[in-house]
file entry_5.csv (CSV, C-alpha atoms and all ligand atoms)
chain,number,residue,atom,x,y,z
A,148,MET,CA,-13.0,32.7,-7.1
A,149,GLU,CA,-10.6,30.5,-5.4
A,150,ARG,CA,-11.3,30.0,-1.7
A,151,PRO,CA,-8.5,31.2,0.5
A,152,PHE,CA,-6.5,28.3,1.9
A,153,LEU,CA,-6.8,27.6,5.6
A,154,PHE,CA,-3.6,26.8,7.5
A,155,VAL,CA,-5.5,26.4,10.7
A,156,ARG,CA,-7.6,23.3,10.7
A,157,GLU,CA,-11.3,24.1,10.8
A,158,GLY,CA,-13.4,21.1,11.9
A,159,MET,CA,-14.3,19.0,9.0
A,160,VAL,CA,-13.3,21.2,6.1
A,161,ILE,CA,-11.7,18.9,3.5
A,162,GLN,CA,-10.4,20.3,0.2
A,163,HIS,CA,-10.8,18.1,-2.8
A,164,ILE,CA,-8.2,19.0,-5.4
A,165,ARG,CA,-8.0,17.5,-8.8
A,166,ASP,CA,-5.6,20.0,-10.5
A,167,ILE,CA,-1.9,19.1,-10.3
A,168,LYS,CA,-0.7,22.8,-10.4
A,169,LEU,CA,-3.1,23.8,-7.7
A,170,MET,CA,-1.9,20.9,-5.5
A,171,GLN,CA,1.7,21.9,-6.0
A,172,LYS,CA,0.8,25.5,-5.1
A,173,ARG,CA,-1.0,24.5,-2.0
A,174,SER,CA,1.9,22.3,-0.8
A,175,LEU,CA,4.4,25.1,-1.5
A,176,GLU,CA,2.2,27.5,0.5
A,177,ILE,CA,1.9,25.1,3.4
A,178,ARG,CA,5.7,24.6,3.5
A,179,GLN,CA,6.4,28.3,3.2
A,180,HIS,CA,4.3,28.8,6.3
A,181,GLY,CA,6.5,26.4,8.1
A,182,LYS,CA,3.8,23.7,8.4
A,183,SER,CA,4.6,20.0,8.0
A,184,ILE,CA,2.9,17.8,5.5
A,185,GLY,CA,2.0,14.1,6.1
A,186,PHE,CA,1.0,12.1,3.1
A,187,VAL,CA,-0.8,8.9,2.5
A,188,PRO,CA,-0.9,7.8,-1.2
A,189,THR,CA,-3.7,5.4,-2.0
A,190,MET,CA,-5.9,4.0,-4.8
A,191,GLY,CA,-9.0,4.8,-2.8
A,192,TYR,CA,-12.0,2.7,-1.9
A,193,PHE,CA,-11.1,3.2,1.7
A,194,HIS,CA,-11.2,0.7,4.5
A,195,ASP,CA,-9.9,0.9,8.1
A,196,GLY,CA,-6.4,0.0,7.0
A,197,HIS,CA,-6.2,3.3,5.0
A,198,ILE,CA,-7.9,5.2,7.9
A,199,GLU,CA,-5.3,4.0,10.4
A,200,LEU,CA,-2.5,5.4,8.1
A,201,MET,CA,-4.3,8.8,7.9
A,202,LYS,CA,-4.8,8.9,11.7
A,203,TYR,CA,-1.1,8.1,12.3
A,204,VAL,CA,-0.2,11.0,10.1
A,205,ARG,CA,-2.8,13.3,11.7
A,206,ASN,CA,-1.0,12.9,15.0
A,207,ARG,CA,2.4,13.8,13.6
A,208,CYS,CA,1.9,16.6,11.0
A,209,ASP,CA,0.2,19.9,10.6
A,210,LEU,CA,-1.5,19.0,7.4
A,211,VAL,CA,-2.7,15.6,6.2
A,212,ILE,CA,-2.9,15.0,2.4
A,213,VAL,CA,-4.3,11.8,1.0
A,214,SER,CA,-4.1,11.0,-2.7
A,215,ILE,CA,-6.5,8.8,-4.5
A,216,PHE,CA,-5.3,7.6,-7.9
A,217,VAL,CA,-5.8,4.2,-9.5
A,218,ASN,CA,-2.5,4.1,-11.3
A,219,ALA,CA,-3.0,2.4,-14.7
A,220,ILE,CA,0.7,1.8,-15.2
A,221,GLN,CA,1.1,-0.5,-12.2
A,222,PHE,CA,-1.5,-3.0,-13.5
A,223,GLY,CA,-0.6,-5.7,-16.0
A,224,PRO,CA,-2.7,-6.2,-19.1
A,225,ASN,CA,-4.8,-9.0,-17.6
A,226,GLU,CA,-5.2,-7.4,-14.2
A,227,ASP,CA,-8.1,-5.6,-12.6
A,228,PHE,CA,-7.4,-2.0,-13.5
A,229,GLN,CA,-10.8,-1.6,-15.2
A,230,LYS,CA,-12.9,-3.1,-12.4
A,231,TYR,CA,-10.8,-1.8,-9.5
A,232,PRO,CA,-13.4,-0.3,-7.1
A,233,ARG,CA,-13.8,3.5,-7.3
A,234,ASP,CA,-16.2,5.7,-5.3
A,235,ILE,CA,-14.9,9.2,-4.6
A,236,ASP,CA,-18.1,10.3,-2.8
A,237,ARG,CA,-17.8,7.3,-0.4
A,238,ASP,CA,-14.1,8.0,0.1
A,239,LEU,CA,-14.7,11.7,0.8
A,240,LYS,CA,-17.2,10.8,3.5
A,241,PHE,CA,-14.9,8.1,4.9
A,242,VAL,CA,-11.9,10.4,5.4
A,243,LYS,CA,-13.8,12.9,7.6
A,244,GLN,CA,-13.2,10.6,10.6
A,245,ALA,CA,-9.5,10.6,10.0
A,246,GLY,CA,-8.9,14.4,10.1
A,247,VAL,CA,-7.7,14.7,6.5
A,248,ASP,CA,-7.1,18.2,5.2
A,249,ILE,CA,-6.7,17.6,1.4
A,250,VAL,CA,-7.7,14.8,-0.8
A,251,PHE,CA,-5.7,15.0,-4.0
A,252,ASN,CA,-7.4,13.1,-6.8
A,253,PRO,CA,-5.8,13.8,-10.2
A,254,GLU,CA,-7.0,12.6,-13.5
A,255,HIS,CA,-5.1,10.0,-15.6
A,256,LYS,CA,-4.8,12.3,-18.6
A,257,ASP,CA,-3.1,14.9,-16.4
A,258,MET,CA,-0.7,12.5,-14.6
A,259,TYR,CA,0.2,10.7,-17.9
A,260,PRO,CA,-0.3,13.2,-20.8
A,261,ASP,CA,0.3,11.8,-24.3
A,262,ASN,CA,4.0,12.7,-24.4
A,263,PHE,CA,4.8,11.1,-21.0
A,264,GLN,CA,8.0,9.2,-21.3
A,265,THR,CA,9.8,8.8,-18.0
A,266,GLY,CA,9.9,5.9,-15.6
A,267,VAL,CA,11.5,5.3,-12.2
A,268,SER,CA,12.9,1.8,-11.7
A,269,VAL,CA,14.4,0.2,-8.5
A,270,GLY,CA,16.7,-2.8,-8.8
A,271,LYS,CA,17.1,-6.0,-6.9
A,272,VAL,CA,14.4,-5.6,-4.2
A,273,THR,CA,11.7,-5.5,-7.0
A,274,LYS,CA,12.8,-8.8,-8.6
A,275,TYR,CA,11.3,-11.1,-6.0
A,276,LEU,CA,7.8,-11.9,-4.8
A,277,CYS,CA,5.2,-9.6,-6.5
A,278,GLY,CA,7.9,-8.2,-8.7
A,279,ALA,CA,8.4,-11.7,-10.2
A,280,SER,CA,4.8,-12.4,-10.8
A,281,ARG,CA,3.7,-8.9,-11.8
A,282,PRO,CA,6.4,-7.7,-14.3
A,283,GLY,CA,6.5,-3.9,-14.5
A,284,HIS,CA,4.3,-3.5,-11.4
A,285,PHE,CA,7.0,-1.8,-9.3
A,286,ASN,CA,8.1,0.5,-12.0
A,287,GLY,CA,4.6,1.7,-12.1
A,288,VAL,CA,4.5,2.1,-8.4
A,289,THR,CA,7.9,4.0,-8.1
A,290,THR,CA,7.0,6.2,-11.0
A,291,ILE,CA,3.7,7.3,-9.6
A,292,VAL,CA,5.0,7.7,-6.0
A,293,SER,CA,7.9,9.9,-7.4
A,294,LYS,CA,5.4,12.0,-9.2
A,295,LEU,CA,3.2,12.3,-6.1
A,296,PHE,CA,6.1,13.2,-3.9
A,297,ASN,CA,7.1,15.9,-6.3
A,298,ILE,CA,3.6,17.3,-6.4
A,299,VAL,CA,2.7,16.9,-2.7
A,300,LYS,CA,6.1,17.6,-1.2
A,301,PRO,CA,5.5,15.7,2.0
A,302,ASP,CA,7.7,15.7,5.1
A,303,ILE,CA,6.6,12.2,5.9
A,304,ALA,CA,4.8,9.6,3.8
A,305,VAL,CA,3.2,6.5,5.3
A,306,PHE,CA,2.7,3.1,3.7
A,307,GLY,CA,1.2,-0.1,5.0
A,308,GLU,CA,3.3,-3.2,5.7
A,309,LYS,CA,0.6,-5.2,4.0
A,310,ASP,CA,2.4,-4.2,0.8
A,311,PHE,CA,5.7,-5.1,2.3
A,312,GLN,CA,7.7,-5.2,-0.9
A,313,GLN,CA,6.2,-1.8,-2.0
A,314,LEU,CA,7.4,-0.3,1.3
A,315,VAL,CA,10.9,-1.7,1.0
A,316,THR,CA,11.0,-0.5,-2.7
A,317,ILE,CA,9.9,3.0,-1.8
A,318,LYS,CA,12.4,3.3,1.0
A,319,GLN,CA,15.2,2.1,-1.4
A,320,MET,CA,14.1,4.7,-4.0
A,321,VAL,CA,14.0,7.5,-1.5
A,322,THR,CA,17.5,6.6,-0.3
A,323,ASP,CA,18.9,6.1,-3.7
A,324,LEU,CA,17.4,9.3,-5.2
A,325,ASN,CA,18.1,11.5,-2.1
A,326,MET,CA,14.4,12.4,-1.8
A,327,SER,CA,13.7,14.6,1.3
A,328,VAL,CA,10.8,12.6,2.7
A,329,THR,CA,10.7,10.2,5.6
A,330,VAL,CA,9.0,7.0,4.7
A,331,ILE,CA,7.2,5.2,7.5
A,332,GLY,CA,5.7,1.7,7.5
A,333,ARG,CA,2.7,0.8,9.5
A,334,PRO,CA,1.3,-2.6,10.6
A,335,ILE,CA,-1.3,-4.6,8.7
A,336,VAL,CA,-4.9,-3.8,9.8
A,337,ARG,CA,-7.1,-6.9,9.8
A,338,GLU,CA,-10.8,-7.7,9.9
A,339,THR,CA,-11.9,-9.2,13.2
A,340,ASP,CA,-11.6,-12.7,11.8
A,341,GLY,CA,-8.0,-12.0,10.7
A,342,LEU,CA,-8.3,-11.3,7.0
A,343,ALA,CA,-6.0,-8.4,6.0
A,344,MET,CA,-8.2,-5.5,4.9
A,345,SER,CA,-8.0,-4.8,1.2
A,346,SER,CA,-10.1,-2.8,-1.3
A,347,ARG,CA,-10.1,-6.0,-3.3
A,348,ASN,CA,-11.9,-8.0,-0.6
A,349,ILE,CA,-15.2,-6.8,-2.1
A,350,TYR,CA,-14.6,-9.0,-5.1
A,351,LEU,CA,-15.0,-12.1,-2.9
A,352,SER,CA,-18.1,-14.2,-3.0
A,353,VAL,CA,-19.3,-15.5,0.4
A,354,GLU,CA,-17.6,-18.8,-0.2
A,355,GLU,CA,-14.4,-17.1,-1.4
A,356,ARG,CA,-14.4,-14.8,1.7
A,357,LYS,CA,-14.5,-17.9,3.9
A,358,ALA,CA,-11.7,-19.5,1.9
A,359,ALA,CA,-9.6,-16.3,2.3
A,360,LEU,CA,-9.2,-17.1,6.0
A,361,GLY,CA,-6.7,-19.8,4.7
A,362,LEU,CA,-4.2,-16.9,4.5
A,363,LYS,CA,-4.4,-16.1,8.2
A,364,LYS,CA,-4.5,-19.9,9.1
A,365,SER,CA,-1.4,-20.6,7.1
A,366,ILE,CA,0.4,-17.6,8.7
A,367,GLU,CA,-0.6,-18.9,12.1
A,368,LEU,CA,0.7,-22.4,11.2
A,369,ALA,CA,4.1,-20.9,10.2
A,370,LYS,CA,4.3,-19.0,13.5
A,371,ARG,CA,3.5,-22.1,15.4
A,372,MET,CA,6.2,-24.1,13.6
A,373,VAL,CA,8.8,-21.4,14.3
A,374,SER,CA,7.7,-21.2,18.0
A,375,MET,CA,8.5,-24.9,18.1
A,376,ASN,CA,12.0,-24.2,16.8
A,377,GLU,CA,11.4,-25.3,13.2
A,378,ASN,CA,13.8,-23.2,11.1
A,379,ASP,CA,13.9,-25.1,7.8
A,380,CYS,CA,12.2,-22.8,5.3
A,381,LYS,CA,11.4,-25.7,2.9
A,382,LYS,CA,9.4,-27.5,5.6
A,383,ILE,CA,7.6,-24.3,6.6
A,384,ILE,CA,6.8,-23.4,3.0
A,385,HIS,CA,5.5,-26.9,2.3
A,386,ALA,CA,3.2,-26.8,5.3
A,387,VAL,CA,1.9,-23.3,4.5
A,388,LYS,CA,1.2,-24.4,0.9
A,389,ASN,CA,-0.7,-27.5,2.1
A,390,GLU,CA,-2.8,-25.4,4.5
A,391,LEU,CA,-3.6,-23.0,1.7
A,392,LEU,CA,-4.4,-25.7,-0.8
A,393,SER,CA,-6.8,-27.3,1.6
A,394,LYS,CA,-9.3,-24.7,0.3
A,395,SER,CA,-10.3,-25.7,-3.2
A,396,CYS,CA,-10.7,-22.2,-4.6
A,397,ILE,CA,-7.2,-21.1,-3.6
A,398,LYS,CA,-4.5,-21.1,-6.2
A,399,ILE,CA,-1.0,-20.2,-4.9
A,400,ASP,CA,1.0,-17.4,-6.7
A,401,TYR,CA,3.9,-17.6,-4.3
A,402,VAL,CA,4.8,-18.6,-0.7
A,403,GLN,CA,8.2,-17.2,0.2
A,404,LEU,CA,10.4,-16.8,3.2
A,405,CYS,CA,12.9,-13.9,2.8
A,406,ASP,CA,15.2,-11.4,4.3
A,407,THR,CA,13.2,-8.5,5.6
A,408,GLU,CA,15.6,-5.9,4.0
A,409,THR,CA,16.9,-7.4,0.8
A,410,LEU,CA,13.8,-9.7,0.2
A,411,GLU,CA,16.2,-12.4,-1.0
A,412,PRO,CA,14.8,-15.9,-0.3
A,413,VAL,CA,16.4,-17.6,2.8
A,414,GLU,CA,16.9,-21.2,3.6
A,415,LYS,CA,16.9,-21.0,7.4
A,416,ILE,CA,14.7,-18.8,9.5
A,417,LYS,CA,16.7,-16.0,11.0
A,418,GLN,CA,15.8,-13.8,13.9
A,419,LYS,CA,13.5,-11.8,11.7
A,420,THR,CA,12.3,-13.4,8.5
A,421,LEU,CA,9.5,-12.3,6.2
A,422,LEU,CA,6.8,-14.8,5.3
A,423,ALA,CA,5.1,-13.4,2.2
A,424,LEU,CA,2.1,-14.9,0.5
A,425,ALA,CA,0.2,-14.2,-2.7
A,426,VAL,CA,-2.8,-16.3,-3.8
A,427,PHE,CA,-5.7,-16.2,-6.2
A,428,ILE,CA,-9.1,-16.9,-4.7
A,429,GLY,CA,-11.2,-17.3,-7.7
A,430,SER,CA,-10.0,-14.5,-9.9
A,431,THR,CA,-9.1,-12.2,-6.9
A,432,ARG,CA,-5.4,-11.9,-6.1
A,433,LEU,CA,-4.7,-11.3,-2.4
A,434,ILE,CA,-1.4,-10.8,-0.5
A,435,ASP,CA,-0.5,-11.1,3.1
A,436,ASN,CA,2.6,-11.4,5.2
A,437,CYS,CA,4.1,-11.6,8.6
A,438,ILE,CA,7.5,-11.3,10.2
A,439,LEU,CA,8.6,-14.6,11.8
A,440,ASP,CA,10.8,-14.1,14.8
A,441,PHE,CA,13.1,-17.1,15.5
A,442,GLY,CA,14.3,-17.5,19.0
A,443,VAL,CA,12.0,-14.8,20.5
B,501,LIG,P1,-4.0,0.9,-1.8
B,501,LIG,O1,-5.1,1.9,-1.8
B,501,LIG,O2,-4.4,-0.5,-1.7
B,501,LIG,O3,-2.9,1.2,-2.8
B,501,LIG,O4,-3.2,1.2,-0.4
B,501,LIG,C1,-2.8,2.4,0.0
B,501,LIG,C2,-1.9,2.3,1.2
B,501,LIG,O5,-2.7,1.6,2.3
B,501,LIG,C3,-0.7,1.4,1.0
B,501,LIG,O6,0.4,2.0,1.7
B,501,LIG,C4,-1.1,0.1,1.5
B,501,LIG,O7,0.0,-0.7,2.0
B,501,LIG,C5,-1.9,0.5,2.7
B,501,LIG,N1,-2.8,-0.6,3.1
B,501,LIG,C6,-3.7,-1.2,2.4
B,501,LIG,N2,-4.3,-2.2,3.1
B,501,LIG,C7,-3.8,-2.1,4.3
B,501,LIG,C8,-4.0,-2.8,5.6
B,501,LIG,N3,-4.9,-3.8,5.6
B,501,LIG,N4,-3.3,-2.5,6.6
B,501,LIG,C9,-2.5,-1.4,6.6
B,501,LIG,N5,-2.2,-0.7,5.5
B,501,LIG,C10,-2.9,-1.1,4.4
call {"tool": "encode", "arguments": {"input": "entry_5.csv", "output": "structure tokens", "more": "lines below"}}
Ligand code: AMP
result
Amino acid sequence: MERPFLFVREGMVIQHIRDIKLMQKRSLEIRQHGKSIGFVPTMGYFHDGHIELMKYVRNRCDLVIVSIFVNAIQFGPNEDFQKYPRDIDRDLKFVKQAGVDIVFNPEHKDMYPDNFQTGVSVGKVTKYLCGASRPGHFNGVTTIVSKLFNIVKPDIAVFGEKDFQQLVTIKQMVTDLNMSVTVIGRPIVRETDGLAMSSRNIYLSVEERKAALGLKKSIELAKRMVSMNENDCKKIIHAVKNELLSKSCIKIDYVQLCDTETLEPVEKIKQKTLLALAVFIGSTRLIDNCILDFGV
């Protein structure tokens, strides 16, 4: 028999829901009882970056729902969908510290049944950066996030600024499609040595892990240049690329300076300019970014 749902949080009780209809029913019940839902969509294999998002939501909403779904349609044919780290038992233990109420972990066959034929596609902001090097990636992201929003019915949904373009794209989608959810971005959480936390960091060998610090070093270099009044984007990009390439196992996917809202490349640093980086370290693709503040 189905366990009655608890609207009052009871210690560490976490519901693990796989069934889409059950998740929808729960969310409706929660909302009908006047409770707010905070949502953190993820692909799992949690680290402290994910946990920070969950804690942020915990402090603002009655119920915290986290989804774990490795979304096949946002991976390209030669990307790491098959080997992407998955460990639901580890994740369920991990989320206890974050006060999560429901972990929604649907199956691929239920999210994308054989006759699935709809996609959500956002325009210009998806054309740059990762959108240029990963064709179709953001269509996969906006399609799954739309589905998850329809199932979970959140009041607020929180995303990390580590995936800056994803955050901008989802905000655009929510505005354009009049979705009644507030999208909030949260700062990048880093390891103590400065590497941005990522589920993909476990792919790195010891040598590659050391080389990955090149990302942070190159960001620091760009910040220093801007603090010394350098505003020529070509010069900054050149210096950042040189810093990255000083590590033999790093291959650059892109280094770009862009407008923080439109993501269009800029030639001169403005008061706020996004520095976005994507590199391959061995076969692992990592991204990082920071906002450069000119004249601050
Ligand atoms: P993922 O499981 O990698 O799809 O990430 C799920 C959510 O966590 C996304 O909104 C990411 O932007 C966010 N996230 C991933 N890594 C970090 C990090 N180091 N700091 C902050 N947020 C992160």
call {"tool": "closest_residue", "arguments": {"input": "entry_5.csv", "among": "A:Pro260, A:Gly307, A:Pro282, A:Gly287", "to": "Ala343 (chain A)", "atoms": "only C-alpha atoms"}}
result
A:Gly307
call {"tool": "residues_near_ligand", "arguments": {"input": "entry_5.csv", "ligand": "ligand LIG 501 (chain B)", "cutoff": "10 Å", "atoms": "only C-alpha atoms and all ligand atoms", "output": "PyMOL selection string"}}
result
chain A and resi 187-201+213-218+288+304-314+331-338+342-347+434-435
call {"tool": "atom_distance", "arguments": {"input": "entry_5.csv", "atom1": "CA of Gln221 (chain A)", "atom2": "CA of Thr273 (chain A)"}}
result
12.8 Å
call {"tool": "residues_near_point", "arguments": {"input": "entry_5.csv", "point": "(-2.5, -24.3, 3.3)", "cutoff": "10 Å", "atoms": "all atoms listed in the file", "output": "list in words"}}
result
Gly361, Leu362, Lys363, Lys364, Ser365, Ile366, Leu368, Ile384, His385, Ala386, Val387, Lys388, Asn389, Glu390, Leu391, Leu392, Ser393, Lys394, Ile397 and Ile399 of chain A
call {"tool": "atom_distance", "arguments": {"input": "entry_5.csv", "atom1": "CA of Lys168 (chain A)", "atom2": "CA of Val292 (chain A)"}}
result
16.7 Å
call {"tool": "closest_residue", "arguments": {"input": "entry_5.csv", "among": "A:Leu410, A:Ala425, A:Ala245, A:Ala358", "to": "Val315 (chain A)", "atoms": "all atoms listed in the file"}}
result
A:Leu410
call {"tool": "closest_residue", "arguments": {"input": "entry_5.csv", "among": "A:Met170, A:Met375, A:Met258, A:Met320", "to": "Ala219 (chain A)", "atoms": "only C-alpha atoms"}}
result
A:Met258
